[in-house]
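Trainee: Before anything else, here's the structure in question.
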Amino acid sequence: MDNEVVLKVENLKKNYDEVEALKNINLEVHKGEVIVILGPSGCGKSTFLRCLNGLEKTNGGQIQFGAHGIIEKDIKWAEVRQKIGMVFQSYELFPHMSVIDNILLGPTKAQNRKREEVEKQADELLKKVKLYDRKNDFPRKLSGGQKQRIAIVRALCMNPEIILFDEVTAALDPEMVREVLDVMLELAEGGMTMLIVTHEMNFAKEVADKIIFMDEGTICETATAEEFFENPKSERAKRFLNIFKYQN
């Protein structure tokens, strides 16, 4: 992690009719930083990630994407989405396309890169996640953990500056969770800038440079992983962690 600010969020707001989903969110993300976003269900975590990728239209505030400038003023969302990747809980793989064709679609169509170049990159990444032998299979032949690893490879092949992970292990059987988290840990160790929404508390402790705790559409607390888990400041965070400790 260095001091370069790659994403700066100022007074971000998101409403659903009369409901304030996000209230004046402010955040700086530094290059190589791994930020884990925690909080109870419905607190705005996933909505926040989707706003950072332009999948949700905001109702106020602005997002500055490093040297690219302010989004929608200096740089359009269509270009931002090529540089801020996102991996979803539900994989979002096309069932009628093979693994390799799922991976190549974005880079070849959106970025106009040559298939041979992208496939070489994809092959290396598939080997890293131990799925090279499945490159010509269709998604229906893969386990949930394998599909999620493919979704991560697909995001990486766009050569993003930041990757957003939205509850990527929530739909997986317990034995499949670790294989996905290991891939994410390796990305973190390699210096990838990441924002991660998760309920995997032990993983959060392991991977996070910074914990953001959200409740009712606001950021209640920002701390290092050690500070947050050992000595949370807000009463809401203390209650949240007590539930986690009780469940474990």
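Please note that chains go A, B, ... in the order of the structure tokens, that every chain numbers its residues from 1, and that ligands are numbered from 1 in the order shown.
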Stretch 77-244 of chain A: which residues are alpha helix (DSSP H) by DSSP, as a ChimeraX atom specification?

Mentor: /A:77-83,99-109,115-128,144-156,174-189,201-207,225-230,235-244

Trainee: Excluding stretch 66-73 of chain A and its own-chain neighbours fewer than 5 positions away, which residues fall within 12 Å of it when counting only C-alpha atoms? Please give them as a PyMOL selection string.

Mentor: chain A and resi 3-10+28-31+51-54+57-58+61+78-81+83-84+161-162

Trainee: Emit the selected residues as a PDB file, in the first residue's frame, including N, CA and C atoms.

Mentor:
ATOM      1  N   ASN A   3       0.814   5.880  -0.683  1.00  0.00           N
ATOM      2  CA  ASN A   3      -0.002   7.042  -0.326  1.00  0.00           C
ATOM      3  C   ASN A   3      -0.876   7.554  -1.467  1.00  0.00           C
ATOM      4  N   GLU A   4      -0.756   6.959  -2.650  1.00  0.00           N
ATOM      5  CA  GLU A   4      -1.553   7.425  -3.782  1.00  0.00           C
ATOM      6  C   GLU A   4      -3.031   7.115  -3.557  1.00  0.00           C
ATOM      7  N   VAL A   5      -3.859   8.140  -3.627  1.00  0.00           N
ATOM      8  CA  VAL A   5      -5.304   7.960  -3.472  1.00  0.00           C
ATOM      9  C   VAL A   5      -5.890   7.591  -4.837  1.00  0.00           C
ATOM     10  N   VAL A   6      -6.430   6.381  -4.954  1.00  0.00           N
ATOM     11  CA  VAL A   6      -6.967   5.917  -6.232  1.00  0.00           C
ATOM     12  C   VAL A   6      -8.487   6.094  -6.316  1.00  0.00           C
ATOM     13  N   LEU A   7      -9.113   6.306  -5.173  1.00  0.00           N
ATOM     14  CA  LEU A   7     -10.562   6.525  -5.163  1.00  0.00           C
ATOM     15  C   LEU A   7     -10.893   7.427  -3.975  1.00  0.00           C
ATOM     16  N   LYS A   8     -11.605   8.508  -4.245  1.00  0.00           N
ATOM     17  CA  LYS A   8     -12.010   9.420  -3.178  1.00  0.00           C
ATOM     18  C   LYS A   8     -13.513   9.657  -3.279  1.00  0.00           C
ATOM     19  N   VAL A   9     -14.226   9.249  -2.245  1.00  0.00           N
ATOM     20  CA  VAL A   9     -15.682   9.369  -2.197  1.00  0.00           C
ATOM     21  C   VAL A   9     -16.033  10.516  -1.258  1.00  0.00           C
ATOM     22  N   GLU A  10     -16.845  11.443  -1.756  1.00  0.00           N
ATOM     23  CA  GLU A  10     -17.212  12.619  -0.951  1.00  0.00           C
ATOM     24  C   GLU A  10     -18.727  12.786  -0.888  1.00  0.00           C
ATOM     25  N   GLU A  28     -11.492   7.475   1.498  1.00  0.00           N
ATOM     26  CA  GLU A  28     -10.326   7.495   0.615  1.00  0.00           C
ATOM     27  C   GLU A  28      -9.762   6.087   0.528  1.00  0.00           C
ATOM     28  N   VAL A  29      -9.466   5.658  -0.696  1.00  0.00           N
ATOM     29  CA  VAL A  29      -8.867   4.348  -0.932  1.00  0.00           C
ATOM     30  C   VAL A  29      -7.480   4.565  -1.535  1.00  0.00           C
ATOM     31  N   HIS A  30      -6.464   3.977  -0.910  1.00  0.00           N
ATOM     32  CA  HIS A  30      -5.098   4.127  -1.397  1.00  0.00           C
ATOM     33  C   HIS A  30      -4.679   2.921  -2.239  1.00  0.00           C
ATOM     34  N   LYS A  31      -3.761   3.165  -3.137  1.00  0.00           N
ATOM     35  CA  LYS A  31      -3.284   2.110  -4.034  1.00  0.00           C
ATOM     36  C   LYS A  31      -2.720   0.940  -3.233  1.00  0.00           C
ATOM     37  N   CYS A  51     -22.593   1.437  -6.142  1.00  0.00           N
ATOM     38  CA  CYS A  51     -22.435   2.850  -6.508  1.00  0.00           C
ATOM     39  C   CYS A  51     -21.021   3.135  -7.015  1.00  0.00           C
ATOM     40  N   LEU A  52     -20.048   2.443  -6.466  1.00  0.00           N
ATOM     41  CA  LEU A  52     -18.654   2.650  -6.875  1.00  0.00           C
ATOM     42  C   LEU A  52     -18.378   2.112  -8.265  1.00  0.00           C
ATOM     43  N   ASN A  53     -19.259   1.249  -8.761  1.00  0.00           N
ATOM     44  CA  ASN A  53     -19.090   0.689 -10.094  1.00  0.00           C
ATOM     45  C   ASN A  53     -20.157   1.199 -11.069  1.00  0.00           C
ATOM     46  N   GLY A  54     -20.948   2.150 -10.620  1.00  0.00           N
ATOM     47  CA  GLY A  54     -21.962   2.736 -11.482  1.00  0.00           C
ATOM     48  C   GLY A  54     -23.165   1.861 -11.736  1.00  0.00           C
ATOM     49  N   LYS A  57     -27.312   4.346  -9.501  1.00  0.00           N
ATOM     50  CA  LYS A  57     -27.190   5.797  -9.698  1.00  0.00           C
ATOM     51  C   LYS A  57     -27.264   6.486  -8.345  1.00  0.00           C
ATOM     52  N   THR A  58     -26.339   7.381  -8.086  1.00  0.00           N
ATOM     53  CA  THR A  58     -26.314   8.079  -6.798  1.00  0.00           C
ATOM     54  C   THR A  58     -27.212   9.309  -6.838  1.00  0.00           C
ATOM     55  N   GLY A  61     -23.308  13.878  -3.963  1.00  0.00           N
ATOM     56  CA  GLY A  61     -21.892  13.641  -3.734  1.00  0.00           C
ATOM     57  C   GLY A  61     -21.151  13.348  -5.021  1.00  0.00           C
ATOM     58  N   ALA A  78     -18.784   4.063 -18.471  1.00  0.00           N
ATOM     59  CA  ALA A  78     -18.425   2.966 -19.369  1.00  0.00           C
ATOM     60  C   ALA A  78     -16.926   2.679 -19.311  1.00  0.00           C
ATOM     61  N   GLU A  79     -16.127   3.717 -19.160  1.00  0.00           N
ATOM     62  CA  GLU A  79     -14.677   3.547 -19.057  1.00  0.00           C
ATOM     63  C   GLU A  79     -14.287   3.113 -17.643  1.00  0.00           C
ATOM     64  N   VAL A  80     -14.973   3.669 -16.645  1.00  0.00           N
ATOM     65  CA  VAL A  80     -14.679   3.319 -15.244  1.00  0.00           C
ATOM     66  C   VAL A  80     -14.854   1.816 -15.014  1.00  0.00           C
ATOM     67  N   ARG A  81     -15.922   1.246 -15.586  1.00  0.00           N
ATOM     68  CA  ARG A  81     -16.218  -0.171 -15.347  1.00  0.00           C
ATOM     69  C   ARG A  81     -15.140  -1.097 -15.909  1.00  0.00           C
ATOM     70  N   LYS A  83     -12.051  -0.370 -15.476  1.00  0.00           N
ATOM     71  CA  LYS A  83     -10.921  -0.171 -14.563  1.00  0.00           C
ATOM     72  C   LYS A  83     -11.256  -0.514 -13.118  1.00  0.00           C
ATOM     73  N   ILE A  84     -12.561  -0.560 -12.791  1.00  0.00           N
ATOM     74  CA  ILE A  84     -13.000  -0.992 -11.464  1.00  0.00           C
ATOM     75  C   ILE A  84     -13.813  -2.271 -11.658  1.00  0.00           C
ATOM     76  N   GLU A 161      -7.796  -1.581 -12.040  1.00  0.00           N
ATOM     77  CA  GLU A 161      -6.991  -0.890 -11.019  1.00  0.00           C
ATOM     78  C   GLU A 161      -7.519  -1.203  -9.619  1.00  0.00           C
ATOM     79  N   ILE A 162      -8.810  -1.514  -9.534  1.00  0.00           N
ATOM     80  CA  ILE A 162      -9.479  -1.834  -8.263  1.00  0.00           C
ATOM     81  C   ILE A 162     -10.446  -2.978  -8.533  1.00  0.00           C
TER      82      ILE A 162
END

Trainee: May I have the residues within 12 Å of stretch 108-113 of chain A as a list in words, using only C-alpha atoms and disregarding those fewer than 6 positions away in the same chain?

Mentor: Ala78, Glu79, Val80, Arg81, Gln82, Lys83, Ile100, Asp101, Asn102, Glu119, Lys120, Gln121, Arg154, Cys157, Met158, Asn159 and Pro160 of chain A

Trainee: With distances taken over only C-alpha atoms, which of A:Ala223, A:Arg149, A:Leu156, A:Cys43 is nearest to A:Pro107?

Mentor: A:Leu156

Trainee: Run DSSP on the backbone and grab whatever in stretch 37-221 of chain A lands in strand (DSSP E); send it over as a PyMOL selection string.

Mentor: chain A and resi 37-38+60-64+84-87+162-166+193-197+210-215+218-221
